[in-house]
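The structure appears right after this line, and notes come after that.
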Amino acid sequence: MSTVIKGGHLIEPTAGISAPMDVLVQGDRIARIGEGLEGDKTIDAAGCVVCPGLVDIHVHFREPGFESKETIASGSRAAAAGGFTSVVTMANTDPTIDNAGMVEFVNRRARETACIKIWPAATATKGMQGQELTEMAELKAVGAVAVTDDGKDIQSSWVMRRVLEYARMVDLPYLAHCEDHSLMDGGAMNEGYNSTRLGVPGLPKAMEEIMIERNARLAVLSGVRLHVQHITTAGGVEILRRYKAAGARISGEATPHHFTLTDDAVRDFDTNAKMNPPLREQEDVDAIKEAIADGTIDCISTDHAPHTPTEKDVEFAEAPFGIIGLETSLGLVIAELVGPGLIPLERAVELMTSAPAKILGLDAGVLREGGPADIAIFDPETEWVVDPKRSASLSRNTPFAGRTLRGQVKTTLCDGKVVYLHDVGVSVG
Amino acid sequence: MAVANTVAWRRRHLVTMEDLFREEIELILDTAPQFLAVQKRESGIKKVPLLQGRLVVNLFLEPSTRTRISFELAAKRLSADTLTITTSGSSAVKGESLHDTLANIEAMHSDIVVIRSRFAGAPAILTHRHTSRIINAGDGSHEHPTQALLDAFTIRQHVRAQRDDPGAGLDGLRVAIIGDIAHSRVARSNIWCLTKLGASVVVCGPRTLLPPKIERMGVDVTSDLREAMKGADVVYALRIQLERQAQSLFPSLREYIRLFRVDSESLKVAPENALVMHPGPINRDIELAADVADGPRSVILEQVSNGVAIRMAIMHLLANSGPEE
C-alpha cells in the first residue's frame with residue numbers, strides 16, 4: 001500500500017529542492033520523489049508546501065512528574081499539530097532524566113504513547129544538582145542525544161568545565177540555557193523600563209550574556225559542541241557571532257516568541273508573557289531577526305513549556321516561567337520572518353528541519369528516497385487566529401491568543417502514518 | 001460644597017495612577033474637601049450615610065497598619081459595613097489562589113474590595129474577572145495610588161494657602177523624592193500623579209536603589225541630594241528598609257545618612273518654605289531628622305488626616321460609578 005502526496009511544492013533544504021514535486025510513501029519510508037507519481041492512495045497537496053517533518057530540539061513534555069501540565073502523548077499531539085515529527089525533550093522532569101533507566105522510561109513512553117519521534121536529552125549532572133557528572137557514555141548508548149542541566153545551568157565554572165570535557169569525550173552536545181543565577185534576585189521579567197514601571201524585579205540582559213560568554217569559553221577549552229538555547233539579547237547574538245567567526249563548535253537558537261514580542265507584552269501582568277529568559281526589548285528583537293537572516297542563529301526552537309491554567313492564574317511573581325509554542329511556531333516564523341521578506345520560505349523550512357537536526361546529529365529533518373517518511377504539509381498563505389482552547393497540549397499558556405498567524409499545517413506524517421489532519425482538527429496518535 | 005466639576009467619574013476601579021487622566025485626579029482632589037469637613041464637624045458626628053448598607057472589604061495580604069486603619073476609618077465614616085482580612089501568606093502558603101479568595105468575598109456580596117499585596121499587579125488581575133470595585137492599597141513595588149492622591153491633595157492645600165489662591169494647582173512645582181526609589185510604590189504613584197498635575201519631579205537615591213530607565217517616566221534622576229533639593233518646593237523622603245543593607249544595596253546606615261538624610265543641614269539648599277513629606281512610618285534620624293519631621297516645614301501628620309478624606313472621596317466616587325467603564 002502506497003500513498004502519493006501530489007501536487008504540492010516540495011521544499012527539501014539539504015538537496016536544495018524548491019519545486020513542484022510529488023512524494024511517494026511506501027510503508028514507513030519515502031519510495032520516490034519526483035514528478036507525476038502515482039500511488040494507491042493520494043493526499044492532495046495542491047497549494048501547499050511539502051517538506052520534511054519539522055524538528056524542535058527544545059521542548060518540555062513534563063513526563064514523568066508533571067503529567068497535569070503535559071505528557072509525552074499530549075505533547076506529541078501538539079507537536080504533530082504544529083507540523084513536527086521530531087522533538088528533543090528536556091530532562092528537567094521529576095525525577096530528572098539522569099540515568100539510563102530514565103532514558104529508557106522516556107523511550108518506552110514514546111513508543112507506547114507518542115505519535116511522533118521523541119529524542120530524549122539527559123541531564124549533565126546527577127539530579128541536575130550541578131555537582132556530580134551523569135554516566136554520559138551509558139546515557140548515549142541508550143539514546144540520549146544531548147546533555148543539559150536546563151534552566152539550572154551549571155553555576156560552578158569548575159563543574160561546567162568538567163561536564164563539557166566529559167561530554168566531548170563521549171561526543172554528546174551540551175544544550176546551554178545561559179543564565180548567571182547570582183544576578184537573578186527574584187527577577188520575573190526583563191530588566192528595563194517596563195520592569196521599572198511595573199515594579200517587577202528585573203532580569204538583566206547581562207545575566208544571560210555573562211553565561212553565554214563563559215560557556216563559550218569553556219566549550220572552546222573542552223572542544224565540545226555547545227548549543228546555546230533561546231538567545232534573547234543583542235549582546236548574546238554578538239557573542240555567538242564572535243565565537244562562530246573564530247571557528248568554535250558553537251550554535252544558537254531563537255524562539256518565535258523572542259523574535260516576535262517585547263516586554264511590552266507583560267503590560268497588564270499577563271503571566272502568559274512570563275518565560276525565562278524573558279521577553280526583551282525592540283533592539284533585541286531586531287538583533288535576533290538580523291542574526292536569523294545572516295545565519296548567526298542556526299535554528300528555531302520553541303522551548304515549549306506547558307503549565308496548567310491554575311498554575312498561571314496567579315500574581316505575576318508567583319507564576320511559573322514558560323509558554324507553549326509547538327502549534328504556533330511555523331505560523332509565527334512565516335508571519336514574522338518570511339512575510340516581511342527577512343528570509344525566504346526555503347530558509348524558514350531549513351531553520352525548522354535539517355538545521356536543528358544537524359546540530360544534534362539526528363536522523364531527521366530530511367526527505368530522501370529510502371529515508372523515513374516524516375513529512376509536513378502546510379499551506380503557506382492561509383491566515384488563522386490562535387485559539388488556545390483548541391490546542392492539543394494539556395496546557396493553554398500562550399501569549400498569542402487571538403493573534404493572526406500565517407501558514408497552516410494541513411497534514412503531518414510520521415513514519416508514513418498520518419498523525420495530524422487539519423480538516424479533522426485533531427492529532428491522531 | 002464640593003467644587004463643581006464637569007468631569008464625571010466613570011471608573012469602577014482605582015488600580016494605578018499611570019492610568020488616570022489629570023481631570024480624574026483633579027476630580028478626586030476636588031471631592032475630598034467635603035469629607036475633610038465631615039471629620040472636623042463641630043457636632044462631633046464625623047459620619048455621613050453615603051455608603052450605608054454597602055460592604056467594604058479590606059483584604060490586606062501584607063502587614064500594614066496605617067493604610068489599613070485609614071481605609072477602615074474612611075469606610076466607617078461613610079457608614080459602610082466593613083470587614084478586614086489580614087494575612088501575610090502567599091497564595092501558595094495559604095493554599096488558596098487570589099482569585100478564589102476574592103470569589104469567596106464576593107459570594108458575601110462585597111461592593112468595594114481594598115487590596116494590599118506584596119505582589120505587583122495583584123489588584124490589576126482582579127479587575128479582569130470580578131464584579132467588586134477594586135482599590136489598590138499598595139501592590140509590591142508597583143503602585144500606591146491613594147498615597148499619591150493624598151500627597152497631591154496635601155501639597156495643593158499648602159500651595160493654595162501660601163499663595164492665597166483657592167484655585168491654585170501643582171503646575172510648575174518642583175518635587176524631590178529621596179531614598180529607595182527602586183522598591184517604592186509610593187515613588188512610582190507619586191511620579192505619575194505629580195507629573196500629570198504639571199509638577200516636575202526629581203528622584204534621588206543611591207545608584208543601587210534607582211531602577212533602570214526611570215527617566216522615561218518623565219523625571220530627573222540624581223544621586224546628589226543637594227542637587228535634588230535645589231529649588232524643590234517639596235522634599236519627599238522615603239522610608240529606607242534596613243534589609244537593603246544586607247542585600248549589598250548600600251554599605252551602612254552611617255553612609256546613607258551622610259549622603260541622603262533630609263535634615264536641617266541638607267535642607268539649606270532648598271527654598272525656605274519647602275514642604276517636607278514622608279509616607280510613614282518614619283525611621284527617625286535615618287532618612288529624616290527628627291527635628292525636621294517635627295518642625296514647621298513638616299506636613300506629615302496632615303498627610304495622615306488627608307488620607308482618610310481622600311479615601312472617603314475615592315470610595316464615594318467608585319461606589320456611585322456606573323456598571324460599565
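Residue numbering restarts at 1 for every chain of the C-alpha cells, chains are lettered A, B, ... in their displayed order, and ligands are numbered from 1 as they appear.
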
Define the interface residues of chain A facing chain B as those within 7 Å, counting only C-alpha atoms, and report them as a ChimeraX atom specification. /A:192-193,196,198-200,268-269,314-317

DSSP on the backbone, alpha helix (DSSP H) only: what residues of stretch 110-178 of chain B does that give? Format it as JSON, numbers by chain. {"B": [122, 123, 124, 125, 126, 127, 145, 146, 147, 148, 149, 150, 151, 152, 153, 154, 155, 156, 157, 158, 159, 160, 161, 162, 163]}

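Put simply, atom CA of A:Ser157 is 20.2 Å away from atom CA of A:Pro204.
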
Would you pick out the contacts of B:Pro281 at 12 Å or less, using only C-alpha atoms, so that residues sharing its chain but fewer than 6 positions from it are not included, and give the list as a list in words?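 So, after excluding close chain neighbours, the residues are Ser64, Thr65, Arg66, Thr67, Ala237, Leu238, Arg239, Ile240, Gln241, Glu287, Leu288, Ala293, Ile300, Leu301, Gln303 and Val304 of chain B.
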
Please, could you write that set of residues out with all heavy atoms as a compact mmCIF listing (two decimals), in the first residue's frame?
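Final output, saved to selection-v9.txt:
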# COMPACT_ATOMS: atom_id res chain seq x y z
N SER B 64 0.30 45.82 57.36
CA SER B 64 0.15 47.26 57.20
C SER B 64 -0.69 47.75 58.36
O SER B 64 -1.65 47.09 58.74
CB SER B 64 -0.56 47.58 55.89
OG SER B 64 -1.18 48.85 55.96
N THR B 65 -0.32 48.85 58.94
CA THR B 65 -1.18 49.41 59.98
C THR B 65 -1.83 50.69 59.51
O THR B 65 -3.05 50.77 59.42
CB THR B 65 -0.37 49.67 61.27
OG1 THR B 65 0.26 48.45 61.66
CG2 THR B 65 -1.29 50.13 62.39
N ARG B 66 -1.01 51.64 59.10
CA ARG B 66 -1.63 52.95 58.84
C ARG B 66 -2.54 52.96 57.63
O ARG B 66 -3.61 53.57 57.67
CB ARG B 66 -0.59 54.06 58.80
CG ARG B 66 0.38 54.00 57.65
CD ARG B 66 1.43 55.04 57.83
NE ARG B 66 2.10 54.86 59.11
CZ ARG B 66 2.52 55.85 59.90
NH1 ARG B 66 2.34 57.09 59.55
NH2 ARG B 66 3.14 55.59 61.03
N THR B 67 -2.15 52.32 56.57
CA THR B 67 -3.02 52.32 55.40
C THR B 67 -4.32 51.55 55.71
O THR B 67 -5.41 51.98 55.32
CB THR B 67 -2.30 51.69 54.19
OG1 THR B 67 -1.09 52.41 53.96
CG2 THR B 67 -3.15 51.75 52.95
N ALA B 237 10.76 62.47 51.57
CA ALA B 237 11.69 61.41 51.98
C ALA B 237 10.96 60.07 52.04
O ALA B 237 9.84 60.00 52.54
CB ALA B 237 12.29 61.74 53.35
N LEU B 238 11.60 59.03 51.52
CA LEU B 238 11.01 57.68 51.57
C LEU B 238 11.66 56.89 52.69
O LEU B 238 12.80 57.13 53.07
CB LEU B 238 11.25 56.95 50.25
CG LEU B 238 10.59 57.55 49.01
CD1 LEU B 238 11.10 56.83 47.76
CD2 LEU B 238 9.07 57.46 49.09
N ARG B 239 10.91 55.90 53.16
CA ARG B 239 11.43 55.03 54.20
C ARG B 239 12.51 54.11 53.62
O ARG B 239 12.34 53.53 52.55
CB ARG B 239 10.28 54.19 54.75
CG ARG B 239 10.65 53.25 55.87
CD ARG B 239 9.40 52.52 56.36
NE ARG B 239 9.75 51.43 57.26
CZ ARG B 239 10.03 51.59 58.55
NH1 ARG B 239 9.99 52.79 59.09
NH2 ARG B 239 10.35 50.55 59.30
N ILE B 240 13.64 54.01 54.34
CA ILE B 240 14.68 53.08 53.89
C ILE B 240 14.55 51.79 54.70
O ILE B 240 14.42 51.81 55.92
CB ILE B 240 16.10 53.70 54.03
CG1 ILE B 240 17.17 52.74 53.48
CG2 ILE B 240 16.43 54.12 55.44
CD1 ILE B 240 17.27 52.73 52.00
N GLN B 241 14.53 50.67 53.99
CA GLN B 241 14.41 49.37 54.67
C GLN B 241 15.80 48.89 55.04
O GLN B 241 16.69 48.83 54.20
CB GLN B 241 13.76 48.34 53.74
CG GLN B 241 12.43 48.77 53.15
CD GLN B 241 11.27 48.47 54.06
OE1 GLN B 241 11.42 47.91 55.14
NE2 GLN B 241 10.07 48.87 53.63
N GLU B 287 16.36 58.40 57.51
CA GLU B 287 16.13 59.13 56.26
C GLU B 287 15.64 60.56 56.52
O GLU B 287 15.69 61.40 55.63
CB GLU B 287 15.13 58.38 55.38
CG GLU B 287 13.69 58.35 55.90
CD GLU B 287 13.38 57.05 56.64
OE1 GLU B 287 14.32 56.25 56.80
OE2 GLU B 287 12.23 56.85 57.05
N LEU B 288 15.18 60.80 57.74
CA LEU B 288 14.62 62.12 58.05
C LEU B 288 14.98 62.48 59.50
O LEU B 288 14.71 61.70 60.42
CB LEU B 288 13.09 62.06 57.90
CG LEU B 288 12.29 63.34 58.11
CD1 LEU B 288 12.73 64.42 57.12
CD2 LEU B 288 10.79 63.06 57.95
N ALA B 293 11.25 66.41 60.99
CA ALA B 293 9.95 65.72 60.98
C ALA B 293 8.95 66.43 61.88
O ALA B 293 7.76 66.49 61.58
CB ALA B 293 10.12 64.27 61.43
N ILE B 300 3.65 66.02 57.68
CA ILE B 300 3.49 64.57 57.71
C ILE B 300 2.17 64.16 58.37
O ILE B 300 1.48 63.25 57.88
CB ILE B 300 4.72 63.93 58.41
CG1 ILE B 300 5.96 64.14 57.50
CG2 ILE B 300 4.50 62.45 58.67
CD1 ILE B 300 7.27 63.83 58.18
N LEU B 301 1.79 64.81 59.44
CA LEU B 301 0.53 64.42 60.09
C LEU B 301 -0.69 64.90 59.29
O LEU B 301 -1.74 64.27 59.34
CB LEU B 301 0.50 64.93 61.53
CG LEU B 301 1.53 64.23 62.43
CD1 LEU B 301 1.53 64.83 63.83
CD2 LEU B 301 1.29 62.73 62.49
N GLN B 303 -0.72 64.76 56.12
CA GLN B 303 -0.86 63.69 55.13
C GLN B 303 -1.78 62.59 55.68
O GLN B 303 -2.65 62.08 54.98
CB GLN B 303 0.51 63.06 54.80
CG GLN B 303 1.43 63.95 53.98
CD GLN B 303 2.82 63.30 53.84
OE1 GLN B 303 3.71 63.56 54.64
NE2 GLN B 303 2.98 62.47 52.83
N VAL B 304 -1.58 62.26 56.95
CA VAL B 304 -2.38 61.20 57.56
C VAL B 304 -3.85 61.60 57.63
O VAL B 304 -4.75 60.85 57.26
CB VAL B 304 -1.84 60.85 58.96
CG1 VAL B 304 -2.71 59.79 59.62
CG2 VAL B 304 -0.39 60.37 58.86

Near A:Lys358, within 12 Å and counting only C-alpha atoms, which residues show up once chain neighbours fewer than 3 positions away are dropped, as a PyMOL selection string? chain A and resi 13-14+55-57+145+173+225+227+251+298-299+350-355+361-366

Could you please take those selected residues and save C-alpha atoms as a compact mmCIF listing (two decimals), in the first residue's frame?
# COMPACT_ATOMS: atom_id res chain seq x y z
CA PRO A 13 16.75 22.16 2.02
CA THR A 14 19.55 19.58 2.11
CA VAL A 55 12.26 19.33 14.14
CA ASP A 56 12.29 21.08 17.50
CA ILE A 57 15.33 20.42 19.64
CA VAL A 145 21.06 12.85 22.10
CA PRO A 173 26.50 18.06 22.55
CA ARG A 225 29.78 21.10 20.68
CA HIS A 227 24.37 24.74 21.57
CA SER A 251 25.45 27.03 17.54
CA ASP A 298 21.24 28.29 13.38
CA CYS A 299 17.71 27.15 14.10
CA GLU A 350 15.66 24.71 6.82
CA LEU A 351 15.73 26.53 10.19
CA MET A 352 12.95 24.24 11.37
CA THR A 353 14.10 20.93 9.87
CA SER A 354 17.58 19.99 8.69
CA ALA A 355 19.41 22.76 10.57
CA GLY A 361 23.11 14.67 14.54
CA LEU A 362 19.53 13.42 14.41
CA ASP A 363 18.36 11.26 11.52
CA ALA A 364 15.54 13.70 10.88
CA GLY A 365 14.65 16.84 9.00
CA VAL A 366 15.50 15.40 5.59

Record the distance separating atom CA of A:Ile72 and atom CA of A:Ile118, expressed in Å with one decimal.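 Separation between atom CA of A:Ile72 and atom CA of A:Ile118: 8.3 Å.
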
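DSSP secondary structure from the backbone places Asp81, Thr82, Leu83, Thr84, Ile85, Thr86, Ile112, Val113, Val114, Ile115, Arg116, Ser117, Arg133, Ile134, Ile135, Asn136, Ala137, Gly138 and Asp139 of chain B of stretch 71-161 of chain B in strand (DSSP E).
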
Residue contacts of B:Leu51 (12 Å, only C-alpha atoms) excluding same-chain residues fewer than 5 positions away, as an mmCIF file with N, CA, C and O atoms, in the first residue's frame:
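Below is the file around12.cif, written as the result:
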data_model
loop_
_atom_site.group_PDB
_atom_site.id
_atom_site.type_symbol
_atom_site.label_atom_id
_atom_site.label_comp_id
_atom_site.auth_asym_id
_atom_site.auth_seq_id
_atom_site.Cartn_x
_atom_site.Cartn_y
_atom_site.Cartn_z
ATOM 1 N N VAL B 56 -17.679 47.069 52.469
ATOM 2 C CA VAL B 56 -16.290 47.335 52.072
ATOM 3 C C VAL B 56 -15.395 46.296 52.741
ATOM 4 O O VAL B 56 -15.420 46.158 53.960
ATOM 5 N N ALA B 74 -12.139 55.395 56.802
ATOM 6 C CA ALA B 74 -12.840 56.047 55.694
ATOM 7 C C ALA B 74 -14.156 55.339 55.408
ATOM 8 O O ALA B 74 -15.209 55.987 55.236
ATOM 9 N N ALA B 75 -14.130 54.011 55.387
ATOM 10 C CA ALA B 75 -15.355 53.252 55.103
ATOM 11 C C ALA B 75 -16.386 53.453 56.214
ATOM 12 O O ALA B 75 -17.580 53.636 55.956
ATOM 13 N N LYS B 76 -15.922 53.442 57.457
ATOM 14 C CA LYS B 76 -16.836 53.598 58.589
ATOM 15 C C LYS B 76 -17.457 54.986 58.582
ATOM 16 O O LYS B 76 -18.639 55.155 58.882
ATOM 17 N N ARG B 77 -16.687 55.987 58.226
ATOM 18 C CA ARG B 77 -17.226 57.353 58.218
ATOM 19 C C ARG B 77 -18.181 57.583 57.062
ATOM 20 O O ARG B 77 -18.916 58.562 57.041
ATOM 21 N N LEU B 78 -18.148 56.654 56.114
ATOM 22 C CA LEU B 78 -19.153 56.694 55.046
ATOM 23 C C LEU B 78 -20.332 55.781 55.382
ATOM 24 O O LEU B 78 -21.208 55.550 54.559
ATOM 25 N N SER B 79 -20.302 55.201 56.590
ATOM 26 C CA SER B 79 -21.385 54.339 57.098
ATOM 27 C C SER B 79 -21.468 52.982 56.409
ATOM 28 O O SER B 79 -22.509 52.322 56.437
ATOM 29 N N ALA B 80 -20.381 52.564 55.752
ATOM 30 C CA ALA B 80 -20.378 51.232 55.134
ATOM 31 C C ALA B 80 -20.153 50.171 56.205
ATOM 32 O O ALA B 80 -19.607 50.452 57.272
ATOM 33 N N ASP B 81 -20.592 48.957 55.901
ATOM 34 C CA ASP B 81 -20.175 47.821 56.725
ATOM 35 C C ASP B 81 -18.755 47.464 56.295
ATOM 36 O O ASP B 81 -18.444 47.481 55.099
ATOM 37 N N THR B 82 -17.921 47.127 57.252
ATOM 38 C CA THR B 82 -16.531 46.828 56.884
ATOM 39 C C THR B 82 -16.085 45.480 57.432
ATOM 40 O O THR B 82 -16.474 45.071 58.525
ATOM 41 N N ASP B 111 -19.115 45.169 47.950
ATOM 42 C CA ASP B 111 -19.242 46.249 46.968
ATOM 43 C C ASP B 111 -17.877 46.815 46.585
ATOM 44 O O ASP B 111 -17.612 47.080 45.424
ATOM 45 N N ILE B 112 -17.036 47.019 47.607
ATOM 46 C CA ILE B 112 -15.698 47.549 47.360
ATOM 47 C C ILE B 112 -14.694 46.632 48.046
ATOM 48 O O ILE B 112 -14.901 46.244 49.197
ATOM 49 N N MET B 312 -12.144 58.427 51.527
ATOM 50 C CA MET B 312 -13.609 58.572 51.520
ATOM 51 C C MET B 312 -14.068 59.040 50.136
ATOM 52 O O MET B 312 -15.042 58.522 49.578
ATOM 53 N N ALA B 313 -13.352 60.020 49.590
ATOM 54 C CA ALA B 313 -13.727 60.556 48.275
ATOM 55 C C ALA B 313 -13.669 59.464 47.212
ATOM 56 O O ALA B 313 -14.566 59.341 46.368
ATOM 57 N N ILE B 314 -12.611 58.647 47.268
ATOM 58 C CA ILE B 314 -12.443 57.596 46.257
ATOM 59 C C ILE B 314 -13.546 56.546 46.380
ATOM 60 O O ILE B 314 -14.161 56.144 45.380
ATOM 61 N N MET B 315 -13.815 56.121 47.606
ATOM 62 C CA MET B 315 -14.885 55.116 47.786
ATOM 63 C C MET B 315 -16.225 55.665 47.330
ATOM 64 O O MET B 315 -17.024 54.966 46.708
ATOM 65 N N HIS B 316 -16.471 56.918 47.653
ATOM 66 C CA HIS B 316 -17.730 57.547 47.244
ATOM 67 C C HIS B 316 -17.850 57.569 45.719
ATOM 68 O O HIS B 316 -18.880 57.191 45.154
ATOM 69 N N LEU B 317 -16.780 57.969 45.046
ATOM 70 C CA LEU B 317 -16.823 58.046 43.580
ATOM 71 C C LEU B 317 -16.978 56.656 42.963
ATOM 72 O O LEU B 317 -17.775 56.455 42.042
ATOM 73 N N LEU B 318 -16.223 55.693 43.464
ATOM 74 C CA LEU B 318 -16.279 54.343 42.879
ATOM 75 C C LEU B 318 -17.640 53.693 43.132
ATOM 76 O O LEU B 318 -18.198 53.047 42.243
ATOM 77 N N ALA B 319 -18.163 53.887 44.333
ATOM 78 C CA ALA B 319 -19.427 53.224 44.675
ATOM 79 C C ALA B 319 -20.557 53.724 43.800
ATOM 80 O O ALA B 319 -21.531 53.012 43.559
ATOM 81 N N ASN B 320 -20.414 54.943 43.317
ATOM 82 C CA ASN B 320 -21.504 55.513 42.537
ATOM 83 C C ASN B 320 -21.198 55.581 41.045
ATOM 84 O O ASN B 320 -21.910 56.233 40.291
#

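Each of B:Asp165, B:Glu72, B:Glu96, B:Asp224 was checked against B:Ala137 using only C-alpha atoms; the smallest atom-to-atom distance is that of B:Glu72.
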
Here is a test: counting only C-alpha atoms, which residue of A:Met102, A:Ala176, A:Lys205, A:Ser68 is nearest to A:Thr310?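 Closest to A:Thr310, using only C-alpha atoms: A:Ser68.
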
note - atom CA of A:Gly247 and atom CA of A:Ser222 are separated by 13.9 Å

What's the 7 Å shell around B:Pro271, counting only C-alpha atoms, without same-chain residues fewer than 3 positions away, as a PyMOL selection string? chain B and resi 231-233+274

Polymer residues at most 8 Å from A:Ile297, only C-alpha atoms, same-chain spacing of 6 or more positions, as a short mmCIF file (atom, residue, chain, number, x, y, z; two decimals) with all heavy atoms, in the first residue's frame:
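Wrote it out as out.cif, contents follow:
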data_model
loop_
_atom_site.label_atom_id
_atom_site.label_comp_id
_atom_site.auth_asym_id
_atom_site.auth_seq_id
_atom_site.Cartn_x
_atom_site.Cartn_y
_atom_site.Cartn_z
N VAL A 237 23.71 37.70 20.89
CA VAL A 237 23.91 37.44 19.46
C VAL A 237 25.33 37.80 19.06
O VAL A 237 26.00 37.06 18.33
CB VAL A 237 22.90 38.28 18.64
CG1 VAL A 237 23.31 38.36 17.18
CG2 VAL A 237 21.48 37.72 18.79
N SER A 251 26.64 26.70 18.33
CA SER A 251 25.45 27.03 17.54
C SER A 251 24.48 27.73 18.47
O SER A 251 24.64 27.73 19.68
CB SER A 251 24.83 25.76 16.95
OG SER A 251 24.58 24.81 17.98
N GLY A 252 23.45 28.33 17.88
CA GLY A 252 22.48 29.06 18.69
C GLY A 252 21.09 28.96 18.12
O GLY A 252 20.91 28.76 16.92
N GLU A 253 20.11 29.07 19.01
CA GLU A 253 18.71 29.02 18.57
C GLU A 253 17.98 30.27 19.02
O GLU A 253 18.40 30.95 19.96
CB GLU A 253 18.00 27.79 19.15
CG GLU A 253 17.75 27.90 20.65
CD GLU A 253 17.19 26.63 21.31
OE1 GLU A 253 17.44 25.53 20.79
OE2 GLU A 253 16.52 26.78 22.35
N ALA A 254 16.86 30.55 18.32
CA ALA A 254 15.95 31.61 18.76
C ALA A 254 14.55 31.03 18.82
O ALA A 254 14.23 30.10 18.07
CB ALA A 254 15.99 32.78 17.79
N ILE A 288 17.94 39.76 17.00
CA ILE A 288 17.66 38.33 16.80
C ILE A 288 17.25 38.09 15.34
O ILE A 288 17.73 37.15 14.69
CB ILE A 288 16.51 37.86 17.73
CG1 ILE A 288 16.84 38.14 19.18
CG2 ILE A 288 16.15 36.40 17.47
CD1 ILE A 288 17.61 37.13 19.90
N ALA A 291 20.15 38.27 13.14
CA ALA A 291 21.01 37.09 13.31
C ALA A 291 20.39 35.86 12.64
O ALA A 291 21.11 34.97 12.18
CB ALA A 291 21.26 36.83 14.79
#

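Compared by their closest atoms to A:His307, and using only C-alpha atoms, the residues A:Asp149, A:Gly402, A:Phe66, A:Val88 rank with A:Phe66 nearest.
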